[in-house]
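Take a look at the structure set out below.
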Amino acid sequence: MDNQKYFNRELSWLSFNYRVLQEAKDKSLPLFERIKFLAIYSSNLDEFFRVRVASLRALLNLKSNSSKKLNFEPEVLLKTIKRIVHKQQEEFGRILNSEIINELLKERIFFVDEKTINEYQKEYLNEYFDVYITPIIQPSLLDSDNINTFLKNKSIYLAVRLIRKKSVNPIKKKSTVKRYKYALIEIPFDKIGRFITLPEKDGSNFVIFVDDVIKLNIGKIFPGYIVESYYSIKLTRDAELYIDDEFSGNLLQKIKKGLSKRKSGAPSRFLYDKSMPTNFLRSLRKSFRLSKDDLMPGGRYHNLNDFFEFPDFGKKHLMRESFTPLPNKLLDISNSYFDSLSQQDILLSYPYQSYNYVINFLNEAANDKNVKSIRITLYRVAKDSAIVKALISAAKNGKKVEAFVEVKARFDEELNFSSAEQLEHAGVTVYYSFPNLKVHSKICLIEKVEDGKNKFYSYIATGNFNENTAKIYTDFAMITKNQSIGADLKKIFKVLSGKSEKECFTQLLVAPFNLRDKLNQLIDNEISNAKNGLEASITLKLNSLEDWKIIDKIYEASEAGVKVYLIIRGINCLLPFSPIHRKNIFAISIIDSFLEHGRVYIFHNKGDKKYFISSSDFMRRNLNRRIEVALPILDDRIKTIIQSIIDLQLKDNVKARILNINQNNRFVKSGVNPIRSQYLIYEYLKASEINVKS
């Protein structure tokens, strides 16, 4: 297969994360919003190294015969990644130090460190250190010959170089022979936070990294030594559990065992202050058994995703204006959500509308004597989840409640285990992960007895059952009383409960059963129409487009004259390499205040457009190794809403970047009238009356 037809997945992801960094550069944004994007960039990059880079480095150990099967050279790709990340981090540092900090100064918010504080602040921080930090700090000496210190994943340390006081000439105050000792101090930010605010003075605010408070008092930590120098370090470890291809054994126990190993995984990045002397770095490499390829130079501070916690000092004008969640008028005026759904389907659009509608619906079902059962899939739930509480309430009220909990949801495994245990304790029947298959669909099926018959009420969404992420992720959800859709959902739950291995579906597109085949049929239909001289188009809104087979289909459609419109938030491996593709494929990415997360597929179909909302991106893993659901939209009123939202995004000329052959994130040229789609979508939904039938 010609690799030039596809953009590399990892490099495309780095291009996406640079779009996040572009937002931190945007001087039109409120200052704290820019700081938030620095935190998002840093958090994203950390996960990238923990998972993707760690996996790539594991490929270096493949035998030559196995490595030949790859369509890329891991060593070359890793060098390219390292070069790009280094360049991005240089820009990150410039944005922070030359722009953000200067803007904070204009607002009389002063970053201070151990060298710039005044005497009053020094006295205050010395006392703070003695009271709050001394009891929890645990320094340790390093012994390169007999290593006894383990670097925790994602923790920040100060690596300290020491000289014994007794080896120092009392007159010259220098060591006669430089015999250094090395020590580590773990920064206890998980216990006291990363930032410490100092007393306000004359209307000015002061903030300091807890790292610098420790540096200020570092002499107290090593009373028998002179502190020669200190530098910040951090080790990112392999977080991949390698469980996608497990076929046998107790998967649940394997995952729990893998979680315990996650903190001790192989190094994937050793981040260090680039001003550290070479001989200092060499000693650390020896102590921690690091290779040269593990090393990544960085700035003075690490874990800058902690900027999520940056104090706001009550300065509301530096924050993004918040949206007031919009009402769904039909649900608000009704005494029963079930009655409302008997009148019409309900489309919800988060975060523009409140997630409380979902919670209220589940709570109503939990307390309705005619509801007999609730079935649900849980991929990522919130801490202290209102969804979990509603399910527990339903079980206690005698309902049959079944929950499929995906314990392979990366980085949420432990929370999902905890939620599952709560549910089981309350009497909910809990089903766990399948080997080699993730359940990524976001579905709920409620069965209620009405007029002596069981009726289905279905909830199908693009986003998780998570009331917290629903405030910052843009997603669609539909609640319907369509009985055919409900019957399809029940078939999915039969598969999830192990009562069936494969089902046929009449309405839903379900991976890995029929989703790929149906997508091919829908694309082929557009190709046929284009070849017959008819108008033909495909519109896809996705988080990621990576599956080569689907990309080839899109290329085929483009060559046939089908107009293809793509809104891809993250990874995009489609490479519009030919003039025909560049003519017929329009691809953009939108990064703004909310994380674009909803998936939408639209096919022109000779003017009788077919619309779907889905949990599935177009990645091999989604189409082949996950339970995903795409819901056909049958209500013309809801089709109009979705089309209007997509149209606004395709016209975005403020936050849209063109995904061109180089993926260099060039912004769409702004016209006379700026169109910032997320804000206009809110205004559209606010003004629209079409969400309720007249």
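Just remember, in the structure tokens the first chain shown is A, the second B, etc., residues are 1-based per chain, and ligands are 1-based in the order shown.
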### Message
I want to know what sits within 12 Å of Ala386 (chain A), based on only C-alpha atoms, with residues of the same chain fewer than 4 positions away left out; could you give that as a PyMOL selection string?
### Response
chain A and resi 355-363+381-382+390-393+419+465-468
Output file for the residues above (N, CA, C and O atoms, as a PDB file, in the first residue's frame):
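In the end it all went to result-v5.pdb:
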ATOM      1  N   TYR A 355     -26.999  18.820  31.189  1.00  0.00           N
ATOM      2  CA  TYR A 355     -26.982  17.361  31.305  1.00  0.00           C
ATOM      3  C   TYR A 355     -27.970  16.872  32.363  1.00  0.00           C
ATOM      4  O   TYR A 355     -28.234  15.676  32.464  1.00  0.00           O
ATOM      5  N   ASN A 356     -28.522  17.785  33.133  1.00  0.00           N
ATOM      6  CA  ASN A 356     -29.501  17.399  34.162  1.00  0.00           C
ATOM      7  C   ASN A 356     -30.705  16.679  33.575  1.00  0.00           C
ATOM      8  O   ASN A 356     -31.374  15.902  34.269  1.00  0.00           O
ATOM      9  N   TYR A 357     -30.991  16.917  32.286  1.00  0.00           N
ATOM     10  CA  TYR A 357     -32.122  16.230  31.663  1.00  0.00           C
ATOM     11  C   TYR A 357     -31.909  14.711  31.681  1.00  0.00           C
ATOM     12  O   TYR A 357     -32.852  13.942  31.887  1.00  0.00           O
ATOM     13  N   VAL A 358     -30.668  14.279  31.463  1.00  0.00           N
ATOM     14  CA  VAL A 358     -30.377  12.848  31.477  1.00  0.00           C
ATOM     15  C   VAL A 358     -30.528  12.287  32.885  1.00  0.00           C
ATOM     16  O   VAL A 358     -31.138  11.237  33.100  1.00  0.00           O
ATOM     17  N   ILE A 359     -29.973  13.013  33.839  1.00  0.00           N
ATOM     18  CA  ILE A 359     -30.050  12.571  35.232  1.00  0.00           C
ATOM     19  C   ILE A 359     -31.501  12.531  35.698  1.00  0.00           C
ATOM     20  O   ILE A 359     -31.941  11.573  36.353  1.00  0.00           O
ATOM     21  N   ASN A 360     -32.254  13.560  35.342  1.00  0.00           N
ATOM     22  CA  ASN A 360     -33.670  13.604  35.731  1.00  0.00           C
ATOM     23  C   ASN A 360     -34.459  12.448  35.107  1.00  0.00           C
ATOM     24  O   ASN A 360     -35.344  11.856  35.747  1.00  0.00           O
ATOM     25  N   PHE A 361     -34.131  12.130  33.862  1.00  0.00           N
ATOM     26  CA  PHE A 361     -34.826  11.043  33.175  1.00  0.00           C
ATOM     27  C   PHE A 361     -34.560   9.707  33.875  1.00  0.00           C
ATOM     28  O   PHE A 361     -35.485   8.917  34.120  1.00  0.00           O
ATOM     29  N   LEU A 362     -33.317   9.460  34.224  1.00  0.00           N
ATOM     30  CA  LEU A 362     -32.988   8.215  34.923  1.00  0.00           C
ATOM     31  C   LEU A 362     -33.616   8.171  36.304  1.00  0.00           C
ATOM     32  O   LEU A 362     -34.079   7.118  36.761  1.00  0.00           O
ATOM     33  N   ASN A 363     -33.638   9.301  36.972  1.00  0.00           N
ATOM     34  CA  ASN A 363     -34.274   9.334  38.294  1.00  0.00           C
ATOM     35  C   ASN A 363     -35.781   9.105  38.198  1.00  0.00           C
ATOM     36  O   ASN A 363     -36.377   8.427  39.052  1.00  0.00           O
ATOM     37  N   VAL A 381     -17.326   7.535  33.734  1.00  0.00           N
ATOM     38  CA  VAL A 381     -18.305   8.196  34.598  1.00  0.00           C
ATOM     39  C   VAL A 381     -17.597   9.239  35.443  1.00  0.00           C
ATOM     40  O   VAL A 381     -16.378   9.198  35.627  1.00  0.00           O
ATOM     41  N   ALA A 382     -18.372  10.176  35.973  1.00  0.00           N
ATOM     42  CA  ALA A 382     -17.814  11.207  36.835  1.00  0.00           C
ATOM     43  C   ALA A 382     -17.534  10.649  38.229  1.00  0.00           C
ATOM     44  O   ALA A 382     -18.107   9.635  38.637  1.00  0.00           O
ATOM     45  N   ALA A 390     -28.375   7.246  40.382  1.00  0.00           N
ATOM     46  CA  ALA A 390     -29.717   6.981  39.851  1.00  0.00           C
ATOM     47  C   ALA A 390     -29.911   5.485  39.601  1.00  0.00           C
ATOM     48  O   ALA A 390     -30.989   4.930  39.874  1.00  0.00           O
ATOM     49  N   LEU A 391     -28.886   4.817  39.101  1.00  0.00           N
ATOM     50  CA  LEU A 391     -28.977   3.377  38.855  1.00  0.00           C
ATOM     51  C   LEU A 391     -29.106   2.609  40.168  1.00  0.00           C
ATOM     52  O   LEU A 391     -29.869   1.637  40.264  1.00  0.00           O
ATOM     53  N   ILE A 392     -28.383   3.039  41.182  1.00  0.00           N
ATOM     54  CA  ILE A 392     -28.483   2.407  42.500  1.00  0.00           C
ATOM     55  C   ILE A 392     -29.885   2.586  43.067  1.00  0.00           C
ATOM     56  O   ILE A 392     -30.487   1.651  43.621  1.00  0.00           O
ATOM     57  N   SER A 393     -30.425   3.796  42.893  1.00  0.00           N
ATOM     58  CA  SER A 393     -31.784   4.067  43.362  1.00  0.00           C
ATOM     59  C   SER A 393     -32.792   3.154  42.659  1.00  0.00           C
ATOM     60  O   SER A 393     -33.709   2.610  43.293  1.00  0.00           O
ATOM     61  N   SER A 419     -16.917   2.374  40.681  1.00  0.00           N
ATOM     62  CA  SER A 419     -18.335   2.547  40.364  1.00  0.00           C
ATOM     63  C   SER A 419     -19.021   1.196  40.228  1.00  0.00           C
ATOM     64  O   SER A 419     -20.153   1.009  40.699  1.00  0.00           O
ATOM     65  N   PHE A 465     -21.683   8.963  29.757  1.00  0.00           N
ATOM     66  CA  PHE A 465     -22.607   9.249  30.861  1.00  0.00           C
ATOM     67  C   PHE A 465     -21.799   9.922  31.974  1.00  0.00           C
ATOM     68  O   PHE A 465     -21.486   9.329  32.999  1.00  0.00           O
ATOM     69  N   ASN A 466     -21.473  11.171  31.742  1.00  0.00           N
ATOM     70  CA  ASN A 466     -20.576  11.889  32.635  1.00  0.00           C
ATOM     71  C   ASN A 466     -21.010  13.345  32.708  1.00  0.00           C
ATOM     72  O   ASN A 466     -20.833  14.114  31.757  1.00  0.00           O
ATOM     73  N   GLU A 467     -21.573  13.717  33.843  1.00  0.00           N
ATOM     74  CA  GLU A 467     -22.120  15.069  33.988  1.00  0.00           C
ATOM     75  C   GLU A 467     -21.048  16.143  34.036  1.00  0.00           C
ATOM     76  O   GLU A 467     -21.331  17.325  33.799  1.00  0.00           O
ATOM     77  N   ASN A 468     -19.810  15.765  34.323  1.00  0.00           N
ATOM     78  CA  ASN A 468     -18.729  16.753  34.371  1.00  0.00           C
ATOM     79  C   ASN A 468     -18.187  17.062  32.980  1.00  0.00           C
ATOM     80  O   ASN A 468     -18.072  18.231  32.589  1.00  0.00           O
TER      81      ASN A 468
END
Counting only C-alpha atoms, give me one row per residue of region 291-341 of chain A with an atom at most 9 Å from an atom of region 83-99 of chain A, showing the shortest contact pair and its distance in Å to one decimal, sorted by chain then residue number, as JSON lines.
{"residue": "A:Met296", "atom": "CA", "partner": "A:His86", "partner_atom": "CA", "distance": 7.8}
{"residue": "A:Pro297", "atom": "CA", "partner": "A:His86", "partner_atom": "CA", "distance": 7.7}
{"residue": "A:Gly298", "atom": "CA", "partner": "A:Gln89", "partner_atom": "CA", "distance": 7.2}
{"residue": "A:Gly299", "atom": "CA", "partner": "A:Gly93", "partner_atom": "CA", "distance": 7.1}
Write a file of the selected residues as a JSON list (two decimals), in the first residue's frame, keeping all heavy atoms.
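Saved result, part.json, follows:
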[["chain", "number", "residue", "atom", "x", "y", "z"],
["A", 296, "MET", "N", 14.70, 13.98, 27.35],
["A", 296, "MET", "CA", 13.99, 15.07, 26.67],
["A", 296, "MET", "C", 14.24, 16.36, 27.45],
["A", 296, "MET", "O", 13.77, 16.50, 28.58],
["A", 296, "MET", "CB", 12.48, 14.78, 26.61],
["A", 296, "MET", "CG", 11.65, 15.92, 26.03],
["A", 296, "MET", "SD", 11.88, 16.18, 24.27],
["A", 296, "MET", "CE", 11.00, 14.78, 23.60],
["A", 297, "PRO", "N", 15.00, 17.31, 26.89],
["A", 297, "PRO", "CA", 15.24, 18.57, 27.61],
["A", 297, "PRO", "C", 13.96, 19.39, 27.70],
["A", 297, "PRO", "O", 13.11, 19.36, 26.80],
["A", 297, "PRO", "CB", 16.29, 19.27, 26.74],
["A", 297, "PRO", "CG", 16.11, 18.67, 25.38],
["A", 297, "PRO", "CD", 15.66, 17.27, 25.59],
["A", 298, "GLY", "N", 13.80, 20.09, 28.81],
["A", 298, "GLY", "CA", 12.61, 20.91, 29.02],
["A", 298, "GLY", "C", 12.95, 22.18, 29.77],
["A", 298, "GLY", "O", 14.12, 22.58, 29.87],
["A", 299, "GLY", "N", 11.94, 22.79, 30.34],
["A", 299, "GLY", "CA", 12.13, 24.04, 31.05],
["A", 299, "GLY", "C", 12.40, 23.84, 32.54],
["A", 299, "GLY", "O", 12.69, 22.74, 33.00]]
### Task
Just the residues within 12 Å of Leu14 (chain A), please, counting only C-alpha atoms, with nothing from its chain fewer than 3 positions along; format it as an MDAnalysis selection string.
chainID A and resid 7:11 17:21 41:42 44:49 52:53 80:89 570:572 663:665
### Message
I'd like the contact shell of Leu509 (chain A) - 6 Å cut-off, only C-alpha atoms, skipping same-chain residues fewer than 5 positions apart - returned as JSON, numbers by chain.
### Response
{"A": [514, 515, 629, 630]}
### Task
Would you kindly return, as a ChimeraX atom specification, each protein, DNA or RNA residue with an atom no farther than 6 Å from any atom of Ala477 (chain A), considering only C-alpha atoms and excluding same-chain residues fewer than 3 positions away?
/A:347-348,460-461
Per residue of region 266-329 of chain A within 10 Å of region 178-186 of chain A, what are the shortest atom pair and its distance in Å to one decimal, counting only C-alpha atoms, with rows by chain and residue number, as CSV?
residue,atom,partner,partner_atom,distance
A:Phe280,CA,A:Tyr182,CA,8.9
A:Ser283,CA,A:Tyr182,CA,8.3
A:Leu284,CA,A:Tyr182,CA,8.3
A:Ser287,CA,A:Tyr182,CA,9.5
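The two atoms in question, CA of Pro327 (chain A) and CA of Asn367 (chain A), are spaced 23.2 Å apart.
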Neighbour list for region 529-532 of chain A as a compact mmCIF listing (two decimals) with all heavy atoms, in the first residue's frame, cut-off 10 Å, only C-alpha atoms, skip fewer than 2 positions in-chain:
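And here is the file that came out, result_27.txt:
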# COMPACT_ATOMS: atom_id res chain seq x y z
N ILE A 523 -21.34 5.23 1.13
CA ILE A 523 -20.36 5.93 0.29
C ILE A 523 -20.50 5.49 -1.16
O ILE A 523 -20.48 6.31 -2.09
CB ILE A 523 -18.93 5.69 0.82
CG1 ILE A 523 -18.78 6.28 2.23
CG2 ILE A 523 -17.90 6.33 -0.12
CD1 ILE A 523 -17.46 5.94 2.90
N ASP A 524 -20.67 4.19 -1.37
CA ASP A 524 -20.85 3.68 -2.74
C ASP A 524 -22.07 4.30 -3.40
O ASP A 524 -22.07 4.56 -4.62
CB ASP A 524 -21.00 2.15 -2.72
CG ASP A 524 -19.66 1.44 -2.56
OD1 ASP A 524 -18.62 2.05 -2.88
OD2 ASP A 524 -19.66 0.27 -2.10
N ASN A 525 -23.11 4.51 -2.62
CA ASN A 525 -24.31 5.14 -3.16
C ASN A 525 -24.01 6.55 -3.66
O ASN A 525 -24.48 6.96 -4.74
CB ASN A 525 -25.40 5.17 -2.09
CG ASN A 525 -26.70 5.78 -2.59
OD1 ASN A 525 -27.26 5.35 -3.59
ND2 ASN A 525 -27.18 6.80 -1.89
N GLU A 526 -23.21 7.30 -2.91
CA GLU A 526 -22.84 8.65 -3.35
C GLU A 526 -21.96 8.59 -4.59
O GLU A 526 -22.10 9.42 -5.50
CB GLU A 526 -22.12 9.39 -2.21
CG GLU A 526 -22.96 9.64 -0.98
CD GLU A 526 -24.23 10.42 -1.26
OE1 GLU A 526 -24.18 11.40 -2.04
OE2 GLU A 526 -25.29 10.05 -0.71
N ILE A 527 -21.06 7.60 -4.64
CA ILE A 527 -20.21 7.44 -5.82
C ILE A 527 -21.06 7.16 -7.06
O ILE A 527 -20.87 7.77 -8.13
CB ILE A 527 -19.19 6.30 -5.59
CG1 ILE A 527 -18.19 6.70 -4.50
CG2 ILE A 527 -18.47 5.94 -6.89
CD1 ILE A 527 -17.27 5.57 -4.06
N LEU A 534 -25.51 13.15 -10.83
CA LEU A 534 -26.35 13.71 -9.77
C LEU A 534 -25.49 14.37 -8.69
O LEU A 534 -24.31 14.04 -8.52
CB LEU A 534 -27.21 12.61 -9.14
CG LEU A 534 -28.15 11.86 -10.09
CD1 LEU A 534 -28.82 10.71 -9.35
CD2 LEU A 534 -29.20 12.81 -10.67
N GLU A 535 -26.10 15.28 -7.98
CA GLU A 535 -25.39 15.90 -6.86
C GLU A 535 -25.10 14.83 -5.81
O GLU A 535 -25.96 14.00 -5.50
CB GLU A 535 -26.24 17.02 -6.24
CG GLU A 535 -25.52 17.75 -5.12
CD GLU A 535 -26.34 18.90 -4.54
OE1 GLU A 535 -27.39 19.24 -5.13
OE2 GLU A 535 -25.94 19.43 -3.48
N ALA A 536 -23.89 14.84 -5.30
CA ALA A 536 -23.50 13.84 -4.31
C ALA A 536 -22.53 14.47 -3.32
O ALA A 536 -21.63 15.22 -3.71
CB ALA A 536 -22.84 12.63 -4.99
N SER A 537 -22.74 14.17 -2.03
CA SER A 537 -21.85 14.74 -1.01
C SER A 537 -21.84 13.86 0.23
O SER A 537 -22.78 13.11 0.50
CB SER A 537 -22.28 16.16 -0.63
OG SER A 537 -23.52 16.14 0.06
N ALA A 557 -14.53 8.26 -3.70
CA ALA A 557 -15.69 9.14 -3.84
C ALA A 557 -15.27 10.50 -4.40
O ALA A 557 -15.92 11.04 -5.31
CB ALA A 557 -16.37 9.32 -2.48
N SER A 558 -14.18 11.03 -3.90
CA SER A 558 -13.69 12.32 -4.38
C SER A 558 -13.36 12.27 -5.86
O SER A 558 -13.71 13.18 -6.63
CB SER A 558 -12.45 12.72 -3.57
OG SER A 558 -11.83 13.86 -4.12
N GLU A 559 -12.69 11.19 -6.28
CA GLU A 559 -12.33 11.05 -7.70
C GLU A 559 -13.55 10.91 -8.58
O GLU A 559 -13.53 11.28 -9.76
CB GLU A 559 -11.40 9.84 -7.85
CG GLU A 559 -10.02 10.09 -7.27
CD GLU A 559 -9.22 8.82 -7.07
OE1 GLU A 559 -9.74 7.74 -7.42
OE2 GLU A 559 -8.10 8.90 -6.55
N ALA A 560 -14.65 10.40 -8.01
CA ALA A 560 -15.89 10.26 -8.78
C ALA A 560 -16.68 11.57 -8.85
O ALA A 560 -17.69 11.65 -9.56
CB ALA A 560 -16.76 9.17 -8.17
N GLY A 561 -16.24 12.57 -8.08
CA GLY A 561 -16.92 13.86 -8.09
C GLY A 561 -17.78 14.14 -6.88
O GLY A 561 -18.49 15.15 -6.83
N VAL A 562 -17.73 13.25 -5.89
CA VAL A 562 -18.48 13.48 -4.66
C VAL A 562 -17.79 14.58 -3.85
O VAL A 562 -16.58 14.54 -3.65
CB VAL A 562 -18.57 12.19 -3.82
CG1 VAL A 562 -19.30 12.45 -2.51
CG2 VAL A 562 -19.23 11.07 -4.61
N LYS A 563 -18.56 15.56 -3.41
CA LYS A 563 -18.02 16.60 -2.54
C LYS A 563 -17.94 16.06 -1.11
O LYS A 563 -18.94 15.55 -0.59
CB LYS A 563 -18.90 17.84 -2.57
CG LYS A 563 -18.97 18.52 -3.93
CD LYS A 563 -17.62 19.10 -4.34
CE LYS A 563 -17.71 19.86 -5.66
NZ LYS A 563 -16.39 20.40 -6.08
N HIS A 604 -25.75 12.67 1.15
CA HIS A 604 -26.71 13.46 0.38
C HIS A 604 -27.89 12.63 -0.11
O HIS A 604 -29.05 13.08 -0.06
CB HIS A 604 -26.01 14.14 -0.80
CG HIS A 604 -26.87 15.09 -1.54
ND1 HIS A 604 -27.66 14.72 -2.61
CD2 HIS A 604 -27.11 16.41 -1.35
CE1 HIS A 604 -28.32 15.75 -3.05
NE2 HIS A 604 -28.01 16.81 -2.31
N ASN A 605 -27.62 11.43 -0.66
CA ASN A 605 -28.67 10.47 -1.03
C ASN A 605 -29.74 11.08 -1.93
O ASN A 605 -30.94 10.99 -1.66
CB ASN A 605 -29.31 9.88 0.25
CG ASN A 605 -30.19 8.69 -0.02
OD1 ASN A 605 -29.86 7.86 -0.87
ND2 ASN A 605 -31.30 8.61 0.67
N LYS A 606 -29.31 11.72 -3.02
CA LYS A 606 -30.22 12.33 -4.00
C LYS A 606 -31.16 13.35 -3.37
O LYS A 606 -32.30 13.54 -3.81
CB LYS A 606 -31.06 11.25 -4.70
CG LYS A 606 -30.26 10.25 -5.51
CD LYS A 606 -31.19 9.23 -6.18
CE LYS A 606 -30.42 8.20 -6.95
NZ LYS A 606 -31.31 7.17 -7.57
Got a sec: who's within 8 Å of Val439 (chain A), counting only C-alpha atoms, leaving out chain neighbours fewer than 6 positions off, as a PDB file with C-alpha atoms, in the first residue's frame?
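Saved the output as around.pdb:
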ATOM      1  CA  THR A 377     -23.180   1.076  29.154  1.00  0.00           C
ATOM      2  CA  TYR A 379     -17.363   3.994  29.654  1.00  0.00           C
ATOM      3  CA  GLU A 406     -15.863  -0.890  30.399  1.00  0.00           C
ATOM      4  CA  SER A 433     -15.047  -6.066  29.534  1.00  0.00           C
ATOM      5  CA  ARG A 626     -15.206  -1.834  19.679  1.00  0.00           C
ATOM      6  CA  ILE A 627     -18.918  -1.948  20.273  1.00  0.00           C
ATOM      7  CA  GLU A 628     -20.026   1.322  18.674  1.00  0.00           C
TER       8      GLU A 628
END
